[in-house]
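Asker: Sharing model-v1.txt, compact mmCIF, N, CA and C atoms:
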```
# COMPACT_ATOMS: atom_id res chain seq x y z
N MET A 3 -52.06 5.46 -22.12
CA MET A 3 -51.43 5.61 -20.83
C MET A 3 -49.92 5.57 -21.00
N GLN A 4 -49.33 6.37 -20.20
CA GLN A 4 -47.87 6.41 -20.26
C GLN A 4 -47.29 5.45 -19.23
N TYR A 5 -46.01 5.17 -19.42
CA TYR A 5 -45.30 4.24 -18.55
C TYR A 5 -45.33 4.72 -17.09
N GLY A 6 -45.18 5.98 -16.83
CA GLY A 6 -45.18 6.53 -15.48
C GLY A 6 -46.52 6.34 -14.79
N GLN A 7 -47.61 6.50 -15.55
CA GLN A 7 -48.95 6.33 -14.97
C GLN A 7 -49.21 4.86 -14.60
N ILE A 8 -48.73 3.92 -15.44
CA ILE A 8 -48.92 2.50 -15.15
C ILE A 8 -48.16 2.10 -13.89
N VAL A 9 -46.94 2.58 -13.75
CA VAL A 9 -46.13 2.28 -12.56
C VAL A 9 -46.80 2.89 -11.33
N PHE A 10 -47.32 4.10 -11.45
CA PHE A 10 -47.98 4.75 -10.32
C PHE A 10 -49.23 3.97 -9.91
N LEU A 11 -50.04 3.51 -10.87
CA LEU A 11 -51.24 2.73 -10.55
C LEU A 11 -50.86 1.39 -9.90
N LEU A 12 -49.81 0.76 -10.39
CA LEU A 12 -49.35 -0.48 -9.77
C LEU A 12 -48.88 -0.25 -8.33
N PHE A 13 -48.19 0.85 -8.11
CA PHE A 13 -47.72 1.19 -6.78
C PHE A 13 -48.91 1.41 -5.84
N ILE A 14 -49.93 2.11 -6.28
CA ILE A 14 -51.13 2.35 -5.47
C ILE A 14 -51.85 1.02 -5.21
N ALA A 15 -51.92 0.14 -6.21
CA ALA A 15 -52.59 -1.15 -6.03
C ALA A 15 -51.85 -1.99 -4.99
N PHE A 16 -50.50 -2.00 -5.05
CA PHE A 16 -49.73 -2.74 -4.05
C PHE A 16 -49.91 -2.17 -2.66
N LEU A 17 -49.94 -0.85 -2.53
CA LEU A 17 -50.18 -0.23 -1.22
C LEU A 17 -51.54 -0.64 -0.67
N PHE A 18 -52.56 -0.59 -1.53
CA PHE A 18 -53.90 -0.97 -1.11
C PHE A 18 -53.91 -2.46 -0.71
N TYR A 19 -53.29 -3.32 -1.49
CA TYR A 19 -53.21 -4.76 -1.21
C TYR A 19 -52.55 -5.02 0.14
N TYR A 20 -51.41 -4.38 0.40
CA TYR A 20 -50.72 -4.58 1.67
C TYR A 20 -51.50 -3.99 2.84
N ALA A 21 -52.20 -2.91 2.64
CA ALA A 21 -53.04 -2.33 3.70
C ALA A 21 -54.16 -3.30 4.08
N VAL A 22 -54.76 -3.93 3.08
CA VAL A 22 -55.83 -4.92 3.34
C VAL A 22 -55.24 -6.12 4.09
N LEU A 23 -54.08 -6.60 3.70
CA LEU A 23 -53.44 -7.72 4.40
C LEU A 23 -53.16 -7.39 5.86
N ILE A 24 -52.68 -6.18 6.12
CA ILE A 24 -52.38 -5.77 7.50
C ILE A 24 -53.66 -5.72 8.33
N VAL A 25 -54.73 -5.16 7.77
CA VAL A 25 -56.01 -5.08 8.49
C VAL A 25 -56.54 -6.49 8.78
N LEU A 26 -56.47 -7.39 7.80
CA LEU A 26 -56.95 -8.75 8.02
C LEU A 26 -56.12 -9.48 9.07
N ASP A 27 -54.82 -9.27 9.10
CA ASP A 27 -53.96 -9.89 10.12
C ASP A 27 -54.31 -9.39 11.51
N ILE A 28 -54.59 -8.09 11.63
CA ILE A 28 -54.97 -7.52 12.93
C ILE A 28 -56.29 -8.12 13.39
N GLN A 29 -57.27 -8.24 12.49
CA GLN A 29 -58.57 -8.83 12.85
C GLN A 29 -58.41 -10.30 13.24
N LYS A 30 -57.57 -11.00 12.51
CA LYS A 30 -57.32 -12.41 12.81
C LYS A 30 -56.69 -12.57 14.19
N ALA A 31 -55.76 -11.70 14.54
CA ALA A 31 -55.12 -11.75 15.86
C ALA A 31 -56.13 -11.46 16.96
N LYS A 32 -57.02 -10.50 16.73
CA LYS A 32 -58.05 -10.19 17.73
C LYS A 32 -59.00 -11.37 17.91
N MET A 33 -59.37 -12.02 16.82
CA MET A 33 -60.27 -13.18 16.92
C MET A 33 -59.58 -14.34 17.64
N ALA A 34 -58.29 -14.52 17.42
CA ALA A 34 -57.54 -15.58 18.11
C ALA A 34 -57.47 -15.31 19.60
N GLN A 35 -57.26 -14.04 19.98
CA GLN A 35 -57.23 -13.69 21.40
C GLN A 35 -58.59 -13.94 22.04
N ALA A 36 -59.66 -13.58 21.34
CA ALA A 36 -61.01 -13.78 21.88
C ALA A 36 -61.29 -15.29 22.05
N ALA A 37 -60.87 -16.09 21.09
CA ALA A 37 -61.07 -17.53 21.19
C ALA A 37 -60.25 -18.12 22.34
N GLU A 38 -59.05 -17.59 22.54
CA GLU A 38 -58.21 -18.06 23.64
C GLU A 38 -58.82 -17.70 24.98
N GLN A 39 -59.34 -16.50 25.10
CA GLN A 39 -60.01 -16.09 26.34
C GLN A 39 -61.22 -16.97 26.60
N GLU A 40 -61.95 -17.30 25.56
CA GLU A 40 -63.14 -18.12 25.71
C GLU A 40 -62.78 -19.54 26.12
N SER A 41 -61.69 -20.06 25.58
CA SER A 41 -61.29 -21.43 25.91
C SER A 41 -60.71 -21.53 27.32
N HIS A 42 -60.23 -20.43 27.86
CA HIS A 42 -59.66 -20.45 29.22
C HIS A 42 -60.72 -20.25 30.29
N SER A 43 -61.94 -20.00 29.89
CA SER A 43 -62.98 -19.82 30.90
C SER A 43 -63.21 -21.16 31.60
N GLU A 44 -63.31 -21.11 32.92
CA GLU A 44 -63.46 -22.33 33.70
C GLU A 44 -64.93 -22.72 33.78
N GLU A 45 -65.14 -24.01 33.78
CA GLU A 45 -66.49 -24.54 33.84
C GLU A 45 -66.55 -25.53 34.98
N GLU A 46 -67.58 -25.43 35.80
CA GLU A 46 -67.72 -26.34 36.92
C GLU A 46 -68.39 -27.62 36.46
N ILE A 47 -67.81 -28.73 36.89
CA ILE A 47 -68.37 -30.03 36.56
C ILE A 47 -68.62 -30.76 37.87
N ASP A 48 -69.84 -31.22 38.04
CA ASP A 48 -70.22 -31.91 39.27
C ASP A 48 -70.13 -33.42 39.04
N ILE A 49 -69.22 -34.08 39.75
CA ILE A 49 -69.07 -35.53 39.62
C ILE A 49 -69.44 -36.24 40.92
N SER A 50 -70.19 -35.56 41.77
CA SER A 50 -70.53 -36.17 43.06
C SER A 50 -71.39 -37.41 42.89
N ASP A 51 -72.29 -37.43 41.88
CA ASP A 51 -73.11 -38.62 41.66
C ASP A 51 -72.25 -39.82 41.27
N GLU A 52 -71.28 -39.59 40.39
CA GLU A 52 -70.41 -40.67 39.99
C GLU A 52 -69.54 -41.13 41.15
N ALA A 53 -69.11 -40.19 41.98
CA ALA A 53 -68.25 -40.55 43.11
C ALA A 53 -69.02 -41.38 44.13
N ARG A 54 -70.29 -41.06 44.32
CA ARG A 54 -71.10 -41.82 45.27
C ARG A 54 -71.39 -43.24 44.76
N SER A 55 -71.58 -43.38 43.45
CA SER A 55 -71.92 -44.69 42.92
C SER A 55 -70.69 -45.53 42.58
N PHE A 56 -69.50 -44.99 42.78
CA PHE A 56 -68.27 -45.73 42.46
C PHE A 56 -68.06 -46.86 43.45
N LYS A 57 -67.77 -48.02 42.92
CA LYS A 57 -67.47 -49.17 43.77
C LYS A 57 -66.15 -49.76 43.30
N PRO A 58 -65.14 -49.77 44.16
CA PRO A 58 -63.85 -50.34 43.74
C PRO A 58 -63.96 -51.85 43.59
N VAL A 59 -63.20 -52.39 42.65
CA VAL A 59 -63.18 -53.82 42.41
C VAL A 59 -61.78 -54.32 42.70
N ARG A 60 -61.69 -55.29 43.55
CA ARG A 60 -60.39 -55.84 43.91
C ARG A 60 -60.10 -57.02 43.00
N ILE A 61 -58.96 -57.00 42.40
CA ILE A 61 -58.56 -58.07 41.48
C ILE A 61 -57.49 -58.90 42.17
N GLU A 62 -57.77 -60.17 42.29
CA GLU A 62 -56.84 -61.06 42.97
C GLU A 62 -56.56 -62.27 42.08
N ARG A 63 -55.45 -62.87 42.30
CA ARG A 63 -55.13 -64.12 41.62
C ARG A 63 -55.71 -65.27 42.42
N ASP A 64 -56.15 -66.28 41.71
CA ASP A 64 -56.64 -67.47 42.39
C ASP A 64 -55.44 -68.33 42.75
N GLU A 65 -55.03 -68.23 44.00
CA GLU A 65 -53.88 -68.99 44.46
C GLU A 65 -54.34 -70.01 45.49
N PRO A 66 -54.01 -71.26 45.27
CA PRO A 66 -54.37 -72.26 46.29
C PRO A 66 -53.49 -72.06 47.52
N SER A 67 -54.04 -72.41 48.66
CA SER A 67 -53.25 -72.27 49.89
C SER A 67 -52.12 -73.29 49.88
N ARG A 68 -51.12 -73.06 50.70
CA ARG A 68 -49.94 -73.95 50.75
C ARG A 68 -50.34 -75.36 51.18
N GLN A 69 -51.29 -75.48 52.08
CA GLN A 69 -51.69 -76.80 52.56
C GLN A 69 -52.36 -77.58 51.43
N GLN A 70 -53.15 -76.90 50.61
CA GLN A 70 -53.80 -77.59 49.50
C GLN A 70 -52.78 -78.08 48.49
N THR A 71 -51.76 -77.26 48.22
CA THR A 71 -50.74 -77.68 47.25
C THR A 71 -49.94 -78.85 47.80
N GLU A 72 -49.66 -78.87 49.11
CA GLU A 72 -48.94 -80.00 49.70
C GLU A 72 -49.78 -81.27 49.63
N ASP A 73 -51.10 -81.14 49.89
CA ASP A 73 -51.99 -82.30 49.80
C ASP A 73 -52.03 -82.84 48.38
N LYS A 74 -52.06 -81.95 47.40
CA LYS A 74 -52.08 -82.38 46.00
C LYS A 74 -50.78 -83.09 45.64
N ASP A 75 -49.66 -82.59 46.16
CA ASP A 75 -48.38 -83.23 45.89
C ASP A 75 -48.36 -84.65 46.46
N GLU A 76 -48.88 -84.82 47.67
CA GLU A 76 -48.91 -86.14 48.29
C GLU A 76 -49.83 -87.07 47.51
N ASP A 77 -51.01 -86.56 47.10
CA ASP A 77 -51.95 -87.37 46.34
C ASP A 77 -51.36 -87.77 45.00
N SER A 78 -50.67 -86.85 44.36
CA SER A 78 -50.10 -87.16 43.04
C SER A 78 -48.97 -88.18 43.17
N SER A 79 -48.21 -88.13 44.27
CA SER A 79 -47.14 -89.12 44.44
C SER A 79 -47.73 -90.51 44.68
N ASP A 80 -48.85 -90.61 45.41
CA ASP A 80 -49.52 -91.88 45.63
C ASP A 80 -50.10 -92.41 44.32
N ASP A 81 -50.71 -91.52 43.54
CA ASP A 81 -51.32 -91.93 42.28
C ASP A 81 -50.27 -92.36 41.27
N SER A 82 -49.11 -91.70 41.27
CA SER A 82 -48.08 -92.02 40.28
C SER A 82 -47.49 -93.41 40.51
N THR A 83 -47.52 -93.88 41.75
CA THR A 83 -47.01 -95.23 42.00
C THR A 83 -48.01 -96.27 41.51
N ASN A 84 -49.31 -95.95 41.56
CA ASN A 84 -50.32 -96.92 41.15
C ASN A 84 -50.48 -96.94 39.63
N LYS A 85 -50.61 -95.80 39.01
CA LYS A 85 -50.80 -95.76 37.56
C LYS A 85 -50.19 -94.48 37.01
N GLU A 86 -49.70 -94.57 35.80
CA GLU A 86 -49.05 -93.43 35.15
C GLU A 86 -50.08 -92.71 34.28
N GLU A 87 -50.43 -91.47 34.64
CA GLU A 87 -51.33 -90.66 33.83
C GLU A 87 -50.60 -89.40 33.41
N PRO A 88 -50.77 -88.98 32.20
CA PRO A 88 -50.14 -87.71 31.80
C PRO A 88 -50.81 -86.55 32.53
N PRO A 89 -50.05 -85.60 32.97
CA PRO A 89 -50.65 -84.47 33.69
C PRO A 89 -51.52 -83.64 32.75
N GLU A 90 -52.63 -83.14 33.28
CA GLU A 90 -53.55 -82.35 32.48
C GLU A 90 -52.98 -80.96 32.21
N LYS A 91 -52.32 -80.41 33.18
CA LYS A 91 -51.74 -79.08 33.04
C LYS A 91 -50.22 -79.21 32.95
N PRO A 92 -49.57 -78.31 32.23
CA PRO A 92 -48.11 -78.38 32.20
C PRO A 92 -47.55 -78.04 33.58
N TYR A 93 -46.38 -78.60 33.85
CA TYR A 93 -45.76 -78.37 35.14
C TYR A 93 -45.28 -76.93 35.26
N HIS A 94 -45.57 -76.32 36.38
CA HIS A 94 -45.09 -74.97 36.67
C HIS A 94 -44.47 -74.98 38.06
N HIS A 95 -43.58 -74.07 38.27
CA HIS A 95 -42.98 -73.89 39.58
C HIS A 95 -44.09 -73.59 40.58
N PRO A 96 -43.97 -74.02 41.84
CA PRO A 96 -45.05 -73.79 42.81
C PRO A 96 -45.42 -72.32 42.98
N ARG A 97 -44.47 -71.42 42.76
CA ARG A 97 -44.77 -69.99 42.92
C ARG A 97 -45.23 -69.34 41.63
N TYR A 98 -45.38 -70.13 40.56
CA TYR A 98 -45.79 -69.59 39.26
C TYR A 98 -47.23 -69.10 39.34
N ARG A 99 -47.47 -67.91 38.77
CA ARG A 99 -48.82 -67.36 38.73
C ARG A 99 -49.12 -66.93 37.31
N GLU A 100 -50.31 -67.23 36.85
CA GLU A 100 -50.72 -66.81 35.52
C GLU A 100 -50.92 -65.30 35.51
N ALA A 101 -50.62 -64.69 34.39
CA ALA A 101 -50.83 -63.25 34.25
C ALA A 101 -52.31 -62.96 34.16
N ILE A 102 -52.71 -61.85 34.74
CA ILE A 102 -54.12 -61.45 34.67
C ILE A 102 -54.23 -60.07 34.07
N MET A 103 -55.25 -59.89 33.27
CA MET A 103 -55.60 -58.59 32.69
C MET A 103 -54.41 -57.94 31.99
N THR A 104 -53.72 -58.69 31.14
CA THR A 104 -52.55 -58.13 30.48
C THR A 104 -52.91 -57.46 29.16
N ASP A 105 -53.99 -57.90 28.50
CA ASP A 105 -54.40 -57.36 27.21
C ASP A 105 -53.25 -57.35 26.22
N GLY A 106 -52.45 -58.36 26.23
CA GLY A 106 -51.31 -58.42 25.34
C GLY A 106 -51.46 -59.53 24.34
N ILE A 107 -50.42 -59.77 23.59
CA ILE A 107 -50.42 -60.84 22.60
C ILE A 107 -49.76 -62.06 23.22
N LEU A 108 -50.23 -63.21 22.83
CA LEU A 108 -49.64 -64.44 23.36
C LEU A 108 -48.23 -64.59 22.84
N VAL A 109 -47.36 -65.09 23.69
CA VAL A 109 -45.96 -65.25 23.32
C VAL A 109 -45.84 -66.27 22.18
N ASP A 110 -46.67 -67.30 22.20
CA ASP A 110 -46.63 -68.31 21.14
C ASP A 110 -46.91 -67.67 19.78
N ASN A 111 -47.88 -66.76 19.72
CA ASN A 111 -48.19 -66.09 18.46
C ASN A 111 -47.03 -65.20 18.02
N LEU A 112 -46.42 -64.54 18.97
CA LEU A 112 -45.29 -63.67 18.64
C LEU A 112 -44.10 -64.49 18.13
N ILE A 113 -43.82 -65.62 18.77
CA ILE A 113 -42.72 -66.48 18.33
C ILE A 113 -43.02 -67.04 16.95
N GLU A 114 -44.28 -67.39 16.69
CA GLU A 114 -44.66 -67.88 15.37
C GLU A 114 -44.40 -66.83 14.30
N GLU A 115 -44.74 -65.57 14.58
CA GLU A 115 -44.49 -64.49 13.62
C GLU A 115 -43.00 -64.28 13.41
N ILE A 116 -42.22 -64.35 14.48
CA ILE A 116 -40.77 -64.16 14.36
C ILE A 116 -40.15 -65.30 13.57
N ASN A 117 -40.60 -66.53 13.80
CA ASN A 117 -40.09 -67.66 13.02
C ASN A 117 -40.45 -67.53 11.55
N ARG A 118 -41.65 -67.07 11.26
CA ARG A 118 -42.06 -66.86 9.88
C ARG A 118 -41.17 -65.80 9.22
N MET A 119 -40.86 -64.75 9.99
CA MET A 119 -39.99 -63.71 9.43
C MET A 119 -38.58 -64.24 9.20
N ALA A 120 -38.10 -65.11 10.09
CA ALA A 120 -36.75 -65.67 9.93
C ALA A 120 -36.68 -66.61 8.73
N GLU A 121 -37.77 -67.35 8.50
CA GLU A 121 -37.77 -68.31 7.40
C GLU A 121 -37.97 -67.64 6.04
N THR A 122 -38.96 -66.79 5.96
CA THR A 122 -39.32 -66.22 4.65
C THR A 122 -38.74 -64.83 4.43
N GLY A 123 -38.37 -64.17 5.48
CA GLY A 123 -37.85 -62.81 5.34
C GLY A 123 -38.95 -61.77 5.34
N THR A 124 -40.21 -62.21 5.36
CA THR A 124 -41.33 -61.27 5.42
C THR A 124 -42.26 -61.71 6.53
N SER A 125 -42.82 -60.75 7.18
CA SER A 125 -43.78 -61.02 8.23
C SER A 125 -44.62 -59.78 8.43
N ASP A 126 -45.77 -59.98 9.01
CA ASP A 126 -46.66 -58.85 9.23
C ASP A 126 -46.65 -58.47 10.70
N LEU A 127 -45.47 -58.12 11.21
CA LEU A 127 -45.36 -57.73 12.61
C LEU A 127 -46.12 -56.44 12.89
N GLY A 128 -46.33 -55.64 11.84
CA GLY A 128 -47.13 -54.42 12.02
C GLY A 128 -48.53 -54.73 12.49
N VAL A 129 -49.13 -55.79 11.96
CA VAL A 129 -50.48 -56.20 12.38
C VAL A 129 -50.45 -56.67 13.83
N VAL A 130 -49.39 -57.39 14.19
CA VAL A 130 -49.26 -57.87 15.57
C VAL A 130 -49.18 -56.69 16.52
N ILE A 131 -48.37 -55.69 16.19
CA ILE A 131 -48.24 -54.50 17.03
C ILE A 131 -49.56 -53.75 17.08
N PHE A 132 -50.24 -53.65 15.94
CA PHE A 132 -51.54 -52.98 15.88
C PHE A 132 -52.54 -53.67 16.79
N ASN A 133 -52.57 -55.02 16.77
CA ASN A 133 -53.48 -55.77 17.64
C ASN A 133 -53.15 -55.55 19.11
N CYS A 134 -51.86 -55.46 19.44
CA CYS A 134 -51.46 -55.19 20.82
C CYS A 134 -51.94 -53.82 21.27
N GLU A 135 -51.78 -52.83 20.41
CA GLU A 135 -52.19 -51.47 20.76
C GLU A 135 -53.70 -51.39 20.91
N ASN A 136 -54.44 -52.09 20.08
CA ASN A 136 -55.91 -52.03 20.14
C ASN A 136 -56.46 -52.84 21.29
N ALA A 137 -55.68 -53.73 21.86
CA ALA A 137 -56.15 -54.54 22.97
C ALA A 137 -56.24 -53.76 24.26
N LYS A 138 -55.63 -52.60 24.30
CA LYS A 138 -55.63 -51.81 25.55
C LYS A 138 -56.98 -51.24 25.83
```
Can I see the file as structure tokens?
Answerer:
Amino acid sequence: MQYGQIVFLLFIAFLFYYAVLIVLDIQKAKMAQAAEQESHSEEEIDISDEARSFKPVRIERDEPSRQQTEDKDEDSSDDSTNKEEPPEKPYHHPRYREAIMTDGILVDNLIEEINRMAETGTSDLGVVIFNCENAK
């Protein structure tokens, strides 16, 4: 074979190769359009059964009435004069309310991790954040 024939065969092979690539790209584009059309088709979903059986749940804080808190204050003042007992619960402001349904990490645990990081320079706050995210 001569040099001219080898170059000509290579040229024909490249033309054939690029023609096949163009045809495959066109087919791929057509298949993508068909898949897009198929994914845009609307589907009816009936949720009437779920809507009928839905029952809302009201979440409230357990707050004692003002009269009960005043009665407790009077009783505690009478008891404190007779005998000194340590309180069972820590003192909170009368309007203080405990958090409900927070799914978070306790502040004490977070402070413990921060103190450990301050003392040793290493801490696994990533695990703490991971636990917070998974609690949701």
Asker: With only C-alpha atoms as the counted atoms, please give the residues lying no more than 9 Å from segment 114-116 of chain A, apart from itself and same-chain residues fewer than 4 positions off, as a list in words.
Answerer: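 So, after excluding close chain neighbours, the residues are Val109, Asp110, Ala120, Glu121, Ser125, Asp126, Leu127 and Val130 of chain A.
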Asker: So what do you get for atom CA of Glu38 of chain A versus atom CA of Val25 of chain A, distance-wise?
Answerer: 20.1 Å
Asker: Could you check how far atom CA of Ile61 of chain A sits from atom CA of Arg99 of chain A, in Å to one decimal?
Answerer: 13.7 Å
